[in-house]
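This is target01.cif (mmCIF, C-alpha atoms).
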```
data_model
#
loop_
_atom_site.label_atom_id
_atom_site.label_comp_id
_atom_site.auth_asym_id
_atom_site.auth_seq_id
_atom_site.Cartn_x
_atom_site.Cartn_y
_atom_site.Cartn_z
CA MET A 113 -19.98 16.14 -7.34
CA ARG A 114 -19.51 19.72 -8.53
CA PHE A 115 -16.33 21.76 -8.17
CA ALA A 116 -15.18 25.36 -8.48
CA GLY A 117 -11.65 26.58 -9.01
CA LEU A 118 -9.40 27.45 -6.07
CA ILE A 119 -5.73 28.42 -5.94
CA VAL A 120 -3.70 27.13 -2.98
CA LEU A 121 -0.20 28.27 -2.08
CA GLY A 122 2.17 25.59 -0.82
CA LEU A 123 5.76 25.84 0.40
CA GLY A 124 7.31 27.52 -2.62
CA PHE A 125 4.68 26.18 -5.04
CA LEU A 126 1.42 27.42 -6.58
CA HIS A 127 -1.24 24.74 -6.82
CA ALA A 128 -4.50 24.76 -8.78
CA VAL A 129 -6.92 22.73 -6.69
CA ALA A 130 -10.60 21.96 -7.23
CA ALA A 131 -12.75 23.17 -4.36
CA PRO A 132 -16.18 21.78 -3.57
CA LEU A 133 -19.40 23.61 -4.05
CA PRO A 134 -21.72 23.09 -1.07
CA ALA A 135 -23.44 19.72 -0.99
CA THR A 136 -27.16 19.59 -0.33
CA GLU A 137 -28.56 18.09 2.86
CA THR A 138 -29.50 14.95 0.93
CA ASP A 139 -26.23 14.22 -0.89
CA ARG A 140 -23.74 14.60 1.95
CA PRO A 141 -22.04 11.21 2.34
CA ASN A 142 -21.41 9.33 5.53
CA VAL A 143 -17.72 8.76 6.24
CA LEU A 144 -16.30 5.50 7.57
CA LEU A 145 -12.60 5.84 8.35
CA ILE A 146 -10.87 2.58 9.31
CA PHE A 147 -7.34 2.86 10.71
CA ALA A 148 -5.21 -0.24 11.29
CA ASP A 149 -2.33 -0.23 13.78
CA ASP A 150 1.22 -1.24 12.76
CA LEU A 151 -0.10 -2.94 9.61
CA GLY A 152 2.55 -3.30 6.93
CA TRP A 153 2.03 -2.41 3.25
CA GLY A 154 2.62 -6.04 2.32
CA ASP A 155 0.23 -7.58 4.88
CA VAL A 156 -2.88 -7.40 2.69
CA GLY A 157 -3.98 -9.37 -0.32
CA PHE A 158 -4.56 -6.33 -2.53
CA ASN A 159 -0.84 -5.52 -2.16
CA GLY A 160 0.28 -9.05 -2.97
CA ARG A 161 0.04 -11.06 0.27
CA THR A 162 -0.60 -14.74 -0.55
CA GLU A 163 0.23 -16.52 2.73
CA TRP A 164 -3.19 -15.57 4.08
CA LYS A 165 -6.32 -14.05 2.60
CA THR A 166 -7.95 -10.66 3.17
CA PRO A 167 -11.07 -11.15 1.02
CA ASN A 168 -13.09 -8.29 2.47
CA LEU A 169 -10.37 -5.71 1.99
CA ASP A 170 -9.62 -7.09 -1.46
CA LYS A 171 -13.31 -6.77 -2.37
CA LEU A 172 -13.33 -3.23 -0.97
CA GLY A 173 -10.43 -2.52 -3.32
CA THR A 174 -12.47 -3.73 -6.29
CA GLN A 175 -15.31 -1.48 -5.12
CA GLY A 176 -13.05 1.55 -5.04
CA THR A 177 -9.53 2.75 -5.72
CA ILE A 178 -6.36 1.21 -4.31
CA LEU A 179 -3.73 3.84 -3.51
CA THR A 180 -0.32 2.24 -3.99
CA ARG A 181 1.59 5.33 -2.84
CA PHE A 182 -0.31 6.40 0.24
CA TYR A 183 1.84 7.89 2.99
CA THR A 184 1.34 8.33 6.69
CA ALA A 185 2.52 11.64 8.13
CA ALA A 186 4.42 10.07 11.04
CA VAL A 187 6.02 6.82 12.13
CA THR A 188 4.58 6.26 15.60
CA CYS A 189 1.00 6.01 16.78
CA GLY A 190 0.43 9.37 18.48
CA PRO A 191 1.91 11.72 15.86
CA SER A 192 0.34 9.74 13.02
CA ARG A 193 -3.14 9.96 14.53
CA ALA A 194 -2.75 13.66 15.36
CA ALA A 195 -1.77 14.44 11.76
CA LEU A 196 -4.65 12.32 10.48
CA MET A 197 -7.21 14.08 12.65
CA THR A 198 -5.97 17.62 11.91
CA GLY A 199 -4.60 17.46 8.36
CA ARG A 200 -1.44 19.08 9.71
CA TYR A 201 2.16 17.96 9.77
CA THR A 202 3.64 16.88 13.07
CA ILE A 203 5.68 20.07 13.38
CA HIS A 204 2.48 22.12 13.06
CA CYS A 205 -0.14 20.18 15.07
CA GLY A 206 1.98 19.97 18.23
CA VAL A 207 2.50 16.19 18.22
CA SER A 208 5.97 15.17 17.07
CA LYS A 209 6.58 12.78 19.98
CA ASN A 210 4.65 9.63 20.76
CA ASN A 211 3.96 10.88 24.29
CA ALA A 212 2.75 14.34 23.22
CA ASP A 213 -0.92 15.18 23.66
CA LEU A 214 -3.02 16.77 20.94
CA PRO A 215 -3.55 20.44 21.87
CA ARG A 216 -7.20 21.17 22.47
CA ASP A 217 -7.25 24.12 20.09
CA GLU A 218 -6.42 21.83 17.16
CA VAL A 219 -9.49 21.21 15.00
CA THR A 220 -10.20 17.56 14.16
CA ILE A 221 -12.19 15.94 11.35
CA ALA A 222 -14.85 15.12 13.94
CA GLU A 223 -15.17 18.73 15.09
CA ALA A 224 -15.36 20.00 11.53
CA LEU A 225 -18.08 17.52 10.53
CA LYS A 226 -20.03 17.85 13.78
CA ALA A 227 -20.34 21.56 13.04
CA LYS A 228 -21.98 20.57 9.74
CA GLY A 229 -24.58 18.37 11.41
CA TYR A 230 -22.80 15.02 11.35
CA ALA A 231 -23.15 12.47 14.14
CA THR A 232 -19.63 11.47 15.17
CA ALA A 233 -18.21 8.40 16.88
CA LEU A 234 -14.86 6.81 17.66
CA PHE A 235 -14.73 3.10 18.49
CA GLY A 236 -11.16 1.94 19.02
CA LYS A 237 -7.87 3.57 19.95
CA TRP A 238 -7.44 7.24 20.83
CA HIS A 239 -3.78 7.84 21.61
CA HIS A 240 -3.20 10.56 24.19
CA GLY A 241 0.16 11.68 25.49
CA LYS A 242 1.17 13.42 28.68
CA ALA A 243 -1.33 15.37 30.77
CA ILE A 244 -1.68 18.99 29.77
CA PRO A 245 -0.47 21.60 32.27
CA PRO A 246 -1.97 23.37 34.12
CA ALA A 247 -5.14 21.26 33.82
CA LYS A 248 -3.13 18.08 34.44
CA GLU A 249 -5.52 15.99 32.38
CA TYR A 250 -5.42 14.36 28.98
CA THR A 251 -7.22 15.41 25.85
CA HIS A 252 -10.24 13.14 25.55
CA PRO A 253 -11.83 12.34 22.16
CA MET A 254 -15.14 13.75 23.37
CA ASP A 255 -13.31 17.06 23.83
CA GLN A 256 -12.34 16.90 20.16
CA GLY A 257 -15.69 16.52 18.44
CA PHE A 258 -16.74 12.92 19.04
CA ASP A 259 -20.29 12.41 20.32
CA ALA A 260 -19.67 8.77 21.21
CA PHE A 261 -16.50 6.99 22.30
CA PHE A 262 -15.74 3.40 23.22
CA GLY A 263 -12.17 2.17 23.45
CA PHE A 264 -8.68 2.97 24.66
CA THR A 265 -7.29 6.40 25.44
CA ASP A 266 -3.73 5.62 26.51
CA PRO A 267 -1.10 3.83 24.39
CA VAL A 268 -0.07 1.20 26.95
CA HIS A 269 -3.49 -0.34 27.49
CA ALA A 270 -4.04 -0.28 23.74
CA TRP A 271 -1.70 -3.26 23.52
CA GLU A 272 -4.39 -5.36 25.19
CA LYS A 273 -6.14 -7.57 22.67
CA PHE A 274 -8.44 -8.97 25.38
CA PRO A 275 -9.03 -5.96 27.66
CA GLU A 276 -10.83 -6.18 30.98
CA GLU A 277 -11.88 -2.54 30.90
CA LEU A 278 -12.51 0.05 28.20
CA TRP A 279 -13.68 3.65 28.21
CA GLU A 280 -17.39 4.10 27.59
CA GLY A 281 -17.62 7.80 27.01
CA ARG A 282 -15.83 9.29 30.02
CA GLU A 283 -16.12 6.24 32.27
CA ARG A 284 -14.13 3.01 32.40
CA LYS A 285 -16.35 -0.06 32.30
CA PRO A 286 -15.69 -3.80 32.39
CA VAL A 287 -15.71 -5.64 29.06
CA LYS A 288 -15.09 -9.14 27.81
CA GLY A 289 -13.91 -10.25 24.39
CA TYR A 290 -11.41 -9.51 21.63
CA ALA A 291 -10.93 -5.75 21.33
CA ASP A 292 -11.42 -5.39 17.59
CA ASP A 293 -14.54 -7.58 17.74
CA LEU A 294 -15.95 -5.23 20.39
CA PHE A 295 -15.15 -2.15 18.30
CA ALA A 296 -16.80 -3.70 15.26
CA ASP A 297 -19.89 -4.56 17.33
CA ARG A 298 -20.28 -0.94 18.38
CA SER A 299 -19.63 0.28 14.84
CA VAL A 300 -22.33 -1.95 13.38
CA GLU A 301 -24.80 -0.70 16.00
CA PHE A 302 -23.88 2.91 15.23
CA ILE A 303 -24.36 2.44 11.48
CA LYS A 304 -27.82 0.94 12.00
CA GLN A 305 -28.82 3.68 14.44
CA HIS A 306 -27.73 6.49 12.10
CA LYS A 307 -28.91 5.29 8.72
CA ASP A 308 -31.13 8.34 8.33
CA ASP A 309 -28.62 11.09 9.12
CA PRO A 310 -25.02 11.75 8.03
CA PHE A 311 -22.31 10.33 10.25
CA PHE A 312 -18.56 10.24 10.67
CA LEU A 313 -17.47 6.92 12.12
CA TYR A 314 -13.77 6.58 12.96
CA VAL A 315 -12.70 3.00 13.72
CA PRO A 316 -9.01 2.87 14.75
CA LEU A 317 -8.53 -0.86 15.31
CA ILE A 318 -5.59 -2.22 17.30
CA SER A 319 -4.51 -4.96 14.90
CA THR A 320 -1.69 -5.70 14.37
CA HIS A 321 -0.06 -3.73 17.19
CA PHE A 322 1.54 -5.92 19.85
CA ASN A 323 0.62 -7.89 21.94
CA ILE A 324 0.60 -10.76 19.44
CA GLU A 325 -2.75 -12.28 20.43
CA ALA A 326 -5.91 -13.27 18.58
CA PRO A 327 -9.00 -15.42 19.18
CA LYS A 328 -8.19 -19.13 19.31
CA ASP A 329 -10.56 -19.99 16.48
CA GLU A 330 -8.81 -17.49 14.22
CA VAL A 331 -5.33 -18.73 15.15
CA ALA A 332 -6.43 -22.30 14.40
CA LYS A 333 -7.04 -21.33 10.76
CA HIS A 334 -3.30 -20.67 10.37
CA ALA A 335 -1.89 -23.43 12.57
CA GLY A 336 0.97 -25.34 10.96
CA LYS A 337 1.36 -22.96 8.03
CA PHE A 338 4.44 -21.17 9.35
CA GLN A 339 7.72 -22.02 10.97
CA GLU A 340 7.52 -21.33 14.71
CA ASN A 341 10.21 -21.07 17.37
CA ASP A 342 7.76 -22.67 19.79
CA PRO A 343 4.90 -24.64 18.19
CA ALA A 344 3.03 -24.42 21.50
CA ALA A 345 3.02 -20.63 21.12
CA PRO A 346 2.51 -20.11 17.35
CA LEU A 347 3.27 -16.40 17.16
CA ASN A 348 3.65 -16.25 13.40
CA ALA A 349 0.26 -17.93 12.96
CA THR A 350 -1.18 -15.52 15.51
CA TYR A 351 0.08 -12.50 13.58
CA ALA A 352 -1.65 -13.83 10.48
CA ALA A 353 -4.78 -14.38 12.58
CA GLN A 354 -4.75 -10.75 13.69
CA VAL A 355 -4.83 -9.64 10.05
CA THR A 356 -7.52 -12.07 8.95
CA ARG A 357 -9.70 -11.29 11.97
CA MET A 358 -9.34 -7.59 11.23
CA ASP A 359 -10.38 -8.29 7.65
CA ALA A 360 -13.45 -10.20 8.86
CA GLU A 361 -14.50 -7.33 11.13
CA ILE A 362 -14.08 -4.82 8.31
CA GLY A 363 -16.31 -7.11 6.26
CA ARG A 364 -18.96 -6.80 8.98
CA LEU A 365 -18.82 -3.00 8.77
CA ILE A 366 -19.27 -3.01 5.00
CA GLN A 367 -22.11 -5.53 5.34
CA ALA A 368 -23.82 -3.23 7.83
CA LEU A 369 -23.62 -0.39 5.30
CA ASP A 370 -25.09 -2.67 2.62
CA GLU A 371 -27.93 -3.87 4.84
CA SER A 372 -28.75 -0.30 5.85
CA GLY A 373 -28.84 0.83 2.22
CA LEU A 374 -25.90 3.18 2.83
CA ARG A 375 -23.12 1.78 0.67
CA GLU A 376 -23.46 4.32 -2.15
CA LYS A 377 -23.98 7.07 0.42
CA THR A 378 -20.76 6.35 2.32
CA LEU A 379 -17.15 7.28 1.67
CA VAL A 380 -15.06 4.42 3.09
CA ILE A 381 -11.34 4.93 3.73
CA PHE A 382 -8.99 2.22 4.94
CA THR A 383 -5.32 2.67 5.83
CA SER A 384 -2.72 2.12 8.59
CA ASP A 385 -1.07 4.48 11.05
CA HIS A 386 2.43 3.57 9.79
CA GLY A 387 4.41 0.54 8.67
CA ALA A 388 4.89 -2.67 10.61
CA THR A 389 7.43 -2.82 13.41
CA PHE A 390 10.36 -5.16 13.94
CA GLU A 391 10.70 -4.08 17.58
CA GLY A 392 10.75 -6.42 20.55
CA GLY A 393 7.06 -6.28 21.41
CA ASN A 394 6.22 -7.65 17.99
CA GLN A 395 8.23 -10.78 18.92
CA GLY A 396 9.70 -11.16 15.44
CA THR A 397 6.42 -11.80 13.67
CA SER A 398 6.45 -8.86 11.23
CA ALA A 399 10.09 -9.57 10.42
CA TYR A 400 9.28 -13.22 9.77
CA HIS A 401 6.40 -12.30 7.47
CA ASP A 402 8.35 -9.45 5.82
CA SER A 403 5.32 -7.26 6.45
CA ASN A 404 6.68 -4.12 4.79
CA ARG A 405 7.85 -5.85 1.63
CA PRO A 406 9.13 -4.78 -0.82
CA PHE A 407 10.23 -1.73 1.13
CA ARG A 408 13.16 -0.91 3.36
CA GLY A 409 12.61 0.04 6.98
CA GLN A 410 9.89 -0.17 9.60
CA LYS A 411 7.97 1.87 12.14
CA ARG A 412 10.13 4.67 13.57
CA THR A 413 12.05 5.10 10.30
CA LEU A 414 11.41 7.32 7.28
CA TRP A 415 12.26 4.66 4.74
CA GLU A 416 9.30 3.53 2.65
CA GLY A 417 8.64 0.66 5.05
CA GLY A 418 7.89 3.16 7.79
CA ILE A 419 5.74 5.65 5.89
CA ARG A 420 4.12 3.92 2.89
CA VAL A 421 0.99 2.12 4.05
CA PRO A 422 -1.89 0.14 2.51
CA ALA A 423 -4.85 2.30 1.51
CA ILE A 424 -8.23 2.10 -0.21
CA VAL A 425 -10.84 4.77 -0.89
CA SER A 426 -14.32 3.57 -1.87
CA TRP A 427 -17.55 5.40 -2.63
CA PRO A 428 -19.57 3.47 -5.22
CA GLY A 429 -21.03 5.71 -7.90
CA THR A 430 -18.60 8.52 -7.10
CA ILE A 431 -15.09 7.04 -6.88
CA PRO A 432 -14.15 4.71 -9.78
CA GLN A 433 -14.14 1.02 -8.97
CA GLY A 434 -11.35 -1.47 -9.62
CA VAL A 435 -8.79 1.29 -10.16
CA THR A 436 -5.21 1.54 -8.89
CA GLU A 437 -3.61 4.98 -8.50
CA ASP A 438 0.09 5.57 -7.96
CA GLN A 439 0.44 9.27 -7.16
CA PRO A 440 1.63 10.22 -3.65
CA VAL A 441 -1.18 11.18 -1.26
CA GLY A 442 -1.32 10.84 2.49
CA THR A 443 -3.06 11.12 5.81
CA ILE A 444 -2.70 14.91 5.94
CA ASP A 445 -4.94 15.03 2.86
CA LEU A 446 -7.85 13.19 4.44
CA LEU A 447 -9.32 16.08 6.44
CA PRO A 448 -9.66 18.44 3.44
CA THR A 449 -10.76 15.56 1.20
CA ILE A 450 -13.46 14.38 3.62
CA LEU A 451 -14.69 17.93 4.12
CA ALA A 452 -14.85 18.40 0.35
CA ALA A 453 -17.04 15.30 0.10
CA ALA A 454 -19.31 16.88 2.71
CA GLY A 455 -19.51 20.06 0.66
CA THR A 456 -17.30 22.23 2.80
CA GLU A 457 -13.62 23.04 3.33
CA PRO A 458 -11.19 23.82 6.16
CA ASP A 459 -11.23 27.27 7.65
CA PRO A 460 -8.02 29.10 6.64
CA SER A 461 -7.31 29.75 10.33
CA TRP A 462 -6.71 26.00 10.81
CA HIS A 463 -3.59 26.17 8.60
CA VAL A 464 -4.21 22.70 7.17
CA ASP A 465 -1.20 21.26 5.32
CA GLY A 466 -3.04 18.63 3.30
CA ILE A 467 -4.87 19.12 0.02
CA ASN A 468 -8.32 18.15 -1.21
CA ALA A 469 -7.64 14.95 -3.17
CA LEU A 470 -11.32 14.27 -3.97
CA PRO A 471 -11.05 15.40 -7.63
CA TYR A 472 -8.14 12.97 -8.04
CA PHE A 473 -10.00 10.14 -6.31
CA THR A 474 -13.13 10.73 -8.41
CA GLY A 475 -11.24 11.05 -11.69
CA LYS A 476 -12.34 14.66 -12.18
CA GLY A 477 -8.91 16.26 -11.96
CA PRO A 478 -5.19 15.64 -11.54
CA LEU A 479 -3.41 15.62 -8.22
CA PRO A 480 -1.67 18.98 -7.73
CA SER A 481 2.11 18.75 -7.74
CA ARG A 482 3.77 19.46 -4.40
CA ASP A 483 6.53 18.32 -2.10
CA LEU A 484 5.78 16.13 0.93
CA PHE A 485 7.78 16.21 4.17
CA TRP A 486 8.48 14.06 7.22
CA GLU A 487 10.48 14.26 10.42
CA TRP A 488 11.33 11.83 13.21
CA ARG A 489 13.75 13.54 15.55
CA VAL A 490 13.10 11.96 18.95
CA GLU A 491 13.99 8.78 20.83
CA GLY A 492 17.64 9.08 19.79
CA THR A 493 16.82 9.40 16.08
CA ASN A 494 17.26 12.31 13.68
CA GLN A 495 15.68 11.51 10.33
CA THR A 496 13.99 13.91 7.95
CA ALA A 497 12.70 13.39 4.43
CA ALA A 498 11.18 15.21 1.47
CA MET A 499 9.52 13.82 -1.65
CA ARG A 500 8.74 15.18 -5.09
CA GLY A 501 7.07 12.77 -7.45
CA PRO A 502 9.13 9.55 -7.49
CA LEU A 503 12.20 11.16 -5.91
CA LYS A 504 12.65 11.07 -2.15
CA LEU A 505 15.41 12.73 -0.16
CA VAL A 506 16.30 11.05 3.13
CA ALA A 507 18.55 12.80 5.65
CA ASN A 508 19.71 10.41 8.35
CA GLY A 509 21.45 12.11 11.26
CA THR A 510 24.78 13.68 10.34
CA GLN A 511 25.17 11.55 7.22
CA ARG A 512 24.98 13.20 3.82
CA PRO A 513 21.38 13.05 2.57
CA GLU A 514 20.59 10.50 -0.10
CA LEU A 515 18.11 10.64 -2.98
CA PHE A 516 16.08 7.63 -4.05
CA ASP A 517 13.71 6.86 -6.90
CA VAL A 518 11.10 5.04 -4.83
CA VAL A 519 9.07 4.03 -7.89
CA ASN A 520 11.88 2.18 -9.65
CA ASP A 521 13.85 1.37 -6.49
CA PRO A 522 11.25 0.81 -3.73
CA ALA A 523 13.87 -0.81 -1.49
CA GLU A 524 15.85 2.47 -1.55
CA ARG A 525 19.15 0.77 -2.36
CA ARG A 526 20.53 3.17 -4.99
CA ASN A 527 21.40 6.78 -4.24
CA VAL A 528 20.59 8.75 -7.40
CA ALA A 529 21.63 12.19 -6.15
CA ALA A 530 24.31 12.45 -8.83
CA LEU A 531 21.70 11.85 -11.53
CA HIS A 532 19.37 14.58 -10.26
CA PRO A 533 21.59 17.30 -8.78
CA GLU A 534 19.00 20.08 -9.18
CA VAL A 535 16.20 18.17 -7.48
CA TYR A 536 18.63 17.03 -4.78
CA LYS A 537 19.54 20.63 -3.95
CA GLN A 538 15.96 21.87 -4.19
CA LEU A 539 14.65 19.18 -1.85
CA ARG A 540 17.42 19.88 0.65
CA ASP A 541 16.50 23.57 0.59
CA GLU A 542 12.75 22.87 0.79
CA LEU A 543 13.23 20.46 3.70
CA LYS A 544 15.28 23.04 5.60
CA ALA A 545 12.63 25.69 4.94
CA TRP A 546 9.85 23.34 6.04
CA LEU A 547 11.59 22.49 9.32
CA ALA A 548 11.99 26.21 9.99
CA THR A 549 8.18 26.62 9.98
CA GLU A 550 7.92 24.63 13.23
CA SER A 551 8.45 27.73 15.35
CA LYS A 552 6.16 29.90 13.25
CA GLU A 553 2.93 27.97 13.70
#
```

Before we go any further, please render this structure as structure tokens.
Amino acid sequence: MRFAGLIVLGLGFLHAVAAPLPATETDRPNVLLIFADDLGWGDVGFNGRTEWKTPNLDKLGTQGTILTRFYTAAVTCGPSRAALMTGRYTIHCGVSKNNADLPRDEVTIAEALKAKGYATALFGKWHHGKAIPPAKEYTHPMDQGFDAFFGFTDPVHAWEKFPEELWEGRERKPVKGYADDLFADRSVEFIKQHKDDPFFLYVPLISTHFNIEAPKDEVAKHAGKFQENDPAAPLNATYAAQVTRMDAEIGRLIQALDESGLREKTLVIFTSDHGATFEGGNQGTSAYHDSNRPFRGQKRTLWEGGIRVPAIVSWPGTIPQGVTEDQPVGTIDLLPTILAAAGTEPDPSWHVDGINALPYFTGKGPLPSRDLFWEWRVEGTNQTAAMRGPLKLVANGTQRPELFDVVNDPAERRNVAALHPEVYKQLRDELKAWLATESKE
């Protein structure tokens, strides 16, 4: 991969970033983006889980780079997915609430790659919000650059692990089976059908989002391993089964790439929409398994347990294998990074917030220094956060903001504001300035 110099201005910072030179028609990679749902940082073997095995994800980690400080841009499904698709913070892409719909003028990864000749498909969960006035209809993934779609569009039905109907394009059709199995089936077919042209395949699975259900044969593999409130309804075993079944289906996707001769021609990215939840619908399973360990917090919080998620990037021959990186990157960076791999870059009019991290992933350049920001100010909550390097400022409602060293104190137990008064003040000022940009976009 070849790069030319580019200077990017951030919020109060000047960044030197490597920009891609155009790729040829023959070296543009396929992109397989796998997005888990409510999966905690500590739920996978490559992050230390030992109570069950995730051999396919662990192998993917050895075939690429494990990102130990990868951050989602939001702490519920809708905002997280909107930020992922657009490379823009929640306050800029129009989706800060879980029931907000992605504005149709927002440009997605799929639209950007489709314009460059990529075949595009989404098999899994597309999270829409409220209908858009005056059209009174929802944004559909096929309105946002996807040629093919099979899955859920609304968040409520996306709880269904064994759905009776799914969207096939723009029509609902009857189906039978475990949802993630069905999405993997379609993904394998798509890979085989498009082995001769570049594709973007987005697979947002619904594991481990409640309901806590999994195929009986998968649950049986974990029976008796965990304490259960009701042995006749082994929920903790079922949660484990959701993770291991997801791992098996991801293994099928990678196998399909191998069998099609596409492994070295495909950038594979795996991550989760946010941390695991301890809410009622999860029925205590993530709390029992301590899914976000060693972090504090959960979904709908800006502690590390809500925003730091498992992540792997793999592209054999281009991204180093068996490497672990610990610099903060996140979902807002995926759009510019994926476009860089395809030999292009975001149009300035899109106002993308993320950076091209491909030089960092490939070992060709450092990650530019910058501050990262978050907000979760709905559903009775008012949390905001800003991060610079290892230091993270968390403002929680009317309480005085606290500063944590999330590298040396991942549980965020010790407020170190007194030790870093300059950074504390700077992050407070930067966070305030960032929030003020919401009305300017």

Name the residues that the PyMOL selection byres ((chain A and resi 468) around 9) pulls out of this structure, and write them as number ranges by chain. A: 129-132, 445-452, 457, 466-467, 469-472, 479

Go ahead and write the selection's residues with C-alpha atoms as a PDB file, keeping the file's coordinate frame.
```pdb
ATOM      1  CA  VAL A 129      -6.920  22.730  -6.690  1.00  0.00           C
ATOM      2  CA  ALA A 130     -10.600  21.960  -7.230  1.00  0.00           C
ATOM      3  CA  ALA A 131     -12.750  23.170  -4.360  1.00  0.00           C
ATOM      4  CA  PRO A 132     -16.180  21.780  -3.570  1.00  0.00           C
ATOM      5  CA  ASP A 445      -4.940  15.030   2.860  1.00  0.00           C
ATOM      6  CA  LEU A 446      -7.850  13.190   4.440  1.00  0.00           C
ATOM      7  CA  LEU A 447      -9.320  16.080   6.440  1.00  0.00           C
ATOM      8  CA  PRO A 448      -9.660  18.440   3.440  1.00  0.00           C
ATOM      9  CA  THR A 449     -10.760  15.560   1.200  1.00  0.00           C
ATOM     10  CA  ILE A 450     -13.460  14.380   3.620  1.00  0.00           C
ATOM     11  CA  LEU A 451     -14.690  17.930   4.120  1.00  0.00           C
ATOM     12  CA  ALA A 452     -14.850  18.400   0.350  1.00  0.00           C
ATOM     13  CA  GLU A 457     -13.620  23.040   3.330  1.00  0.00           C
ATOM     14  CA  GLY A 466      -3.040  18.630   3.300  1.00  0.00           C
ATOM     15  CA  ILE A 467      -4.870  19.120   0.020  1.00  0.00           C
ATOM     16  CA  ALA A 469      -7.640  14.950  -3.170  1.00  0.00           C
ATOM     17  CA  LEU A 470     -11.320  14.270  -3.970  1.00  0.00           C
ATOM     18  CA  PRO A 471     -11.050  15.400  -7.630  1.00  0.00           C
ATOM     19  CA  TYR A 472      -8.140  12.970  -8.040  1.00  0.00           C
ATOM     20  CA  LEU A 479      -3.410  15.620  -8.220  1.00  0.00           C
TER      21      LEU A 479
END
```

Would you write out, as a ChimeraX atom specification, every residue that the PyMOL selection byres ((chain A and resi 236-251) around 10) captures in this file? /A:146-149,189-194,207,209-216,233-235,252-256,261-271,278-279,291-292,294-296,298-299,314-318

Report as JSON lines the residues of stretch 297-376 of chain A within 10 Å of stretch 223-226 of chain A, each with its shortest atom pair and distance in Å (one decimal), using only C-alpha atoms, ordered by chain and increasing residue number.
```
{"residue": "A:Pro310", "atom": "CA", "partner": "A:Leu225", "partner_atom": "CA", "distance": 9.4}
{"residue": "A:Phe311", "atom": "CA", "partner": "A:Leu225", "partner_atom": "CA", "distance": 8.3}
{"residue": "A:Phe312", "atom": "CA", "partner": "A:Leu225", "partner_atom": "CA", "distance": 7.3}
```

Can you write out the residues you just picked, keeping C-alpha atoms, as a PDB file, in the frame of the given file?
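What ended up in result-v9.pdb:
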```pdb
ATOM      1  CA  PRO A 310     -25.020  11.750   8.030  1.00  0.00           C
ATOM      2  CA  PHE A 311     -22.310  10.330  10.250  1.00  0.00           C
ATOM      3  CA  PHE A 312     -18.560  10.240  10.670  1.00  0.00           C
TER       4      PHE A 312
END
```

Wanna dump the stretch 404-456 of chain A-stretch 491-506 of chain A contacts at 8 Å for me, each residue with its shortest atom pair and the distance in Å to one decimal, counting all atoms listed in the file, ordered by chain and number, as JSON lines?
```
{"residue": "A:Thr413", "atom": "CA", "partner": "A:Gln495", "partner_atom": "CA", "distance": 7.4}
{"residue": "A:Leu414", "atom": "CA", "partner": "A:Gln495", "partner_atom": "CA", "distance": 6.7}
{"residue": "A:Trp415", "atom": "CA", "partner": "A:Val506", "partner_atom": "CA", "distance": 7.7}
{"residue": "A:Gln439", "atom": "CA", "partner": "A:Gly501", "partner_atom": "CA", "distance": 7.5}
{"residue": "A:Pro440", "atom": "CA", "partner": "A:Gly501", "partner_atom": "CA", "distance": 7.1}
```

Which is closest to A:His401 among A:Asn348, A:Gln538, A:Thr320, A:Thr166, if we use only C-alpha atoms? A:Asn348

Write out as an mmCIF file with C-alpha atoms, in the coordinates of the input each polymer residue whose atoms come within 8 Å of A:Glu218, counting only C-alpha atoms; drop sequence neighbours fewer than 4 positions from it.
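Saved the output as out23.cif:
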```
data_model
loop_
_atom_site.group_PDB
_atom_site.id
_atom_site.type_symbol
_atom_site.label_atom_id
_atom_site.label_comp_id
_atom_site.auth_asym_id
_atom_site.auth_seq_id
_atom_site.Cartn_x
_atom_site.Cartn_y
_atom_site.Cartn_z
ATOM 1 C CA THR A 198 -5.970 17.620 11.910
ATOM 2 C CA CYS A 205 -0.140 20.180 15.070
ATOM 3 C CA LEU A 214 -3.020 16.770 20.940
ATOM 4 C CA TRP A 462 -6.710 26.000 10.810
#
```

Which residues are near A:Thr162? Cut-off 12 Å, only C-alpha atoms, ignore same chain within fewer than 6 positions. Put them as a list in words.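 Using only C-alpha atoms, the neighbours found are Gly154, Asp155, Val156, Asp170, Ala352, His401 and Ser403 of chain A.
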
Export C-alpha atoms of the chosen residues as a PDB file, keeping the file's coordinate frame?
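Output contents, as saved in out.pdb:
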```pdb
ATOM      1  CA  GLY A 154       2.620  -6.040   2.320  1.00  0.00           C
ATOM      2  CA  ASP A 155       0.230  -7.580   4.880  1.00  0.00           C
ATOM      3  CA  VAL A 156      -2.880  -7.400   2.690  1.00  0.00           C
ATOM      4  CA  ASP A 170      -9.620  -7.090  -1.460  1.00  0.00           C
ATOM      5  CA  ALA A 352      -1.650 -13.830  10.480  1.00  0.00           C
ATOM      6  CA  HIS A 401       6.400 -12.300   7.470  1.00  0.00           C
ATOM      7  CA  SER A 403       5.320  -7.260   6.450  1.00  0.00           C
TER       8      SER A 403
END
```

Step by step, work through what the PyMOL selection byres ((chain A and resi 351) around 12) selects in the shown file, and finish by giving those residues as a PyMOL selection string. chain A and resi 150-152+155+163-164+319-327+330-335+337-338+340+345-350+352-358+388+394-403

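Residue nearest A:Gly417 within the list A:Phe485, A:Gly442, A:Pro460, A:Arg405: A:Arg405 [criterion: smallest interatomic distance, all atoms listed in the file].
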
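Shortest atom-to-atom contact with A:Val519 among A:Glu272, A:Arg420, A:Arg364, A:Lys288: A:Arg420, counting all atoms listed in the file.
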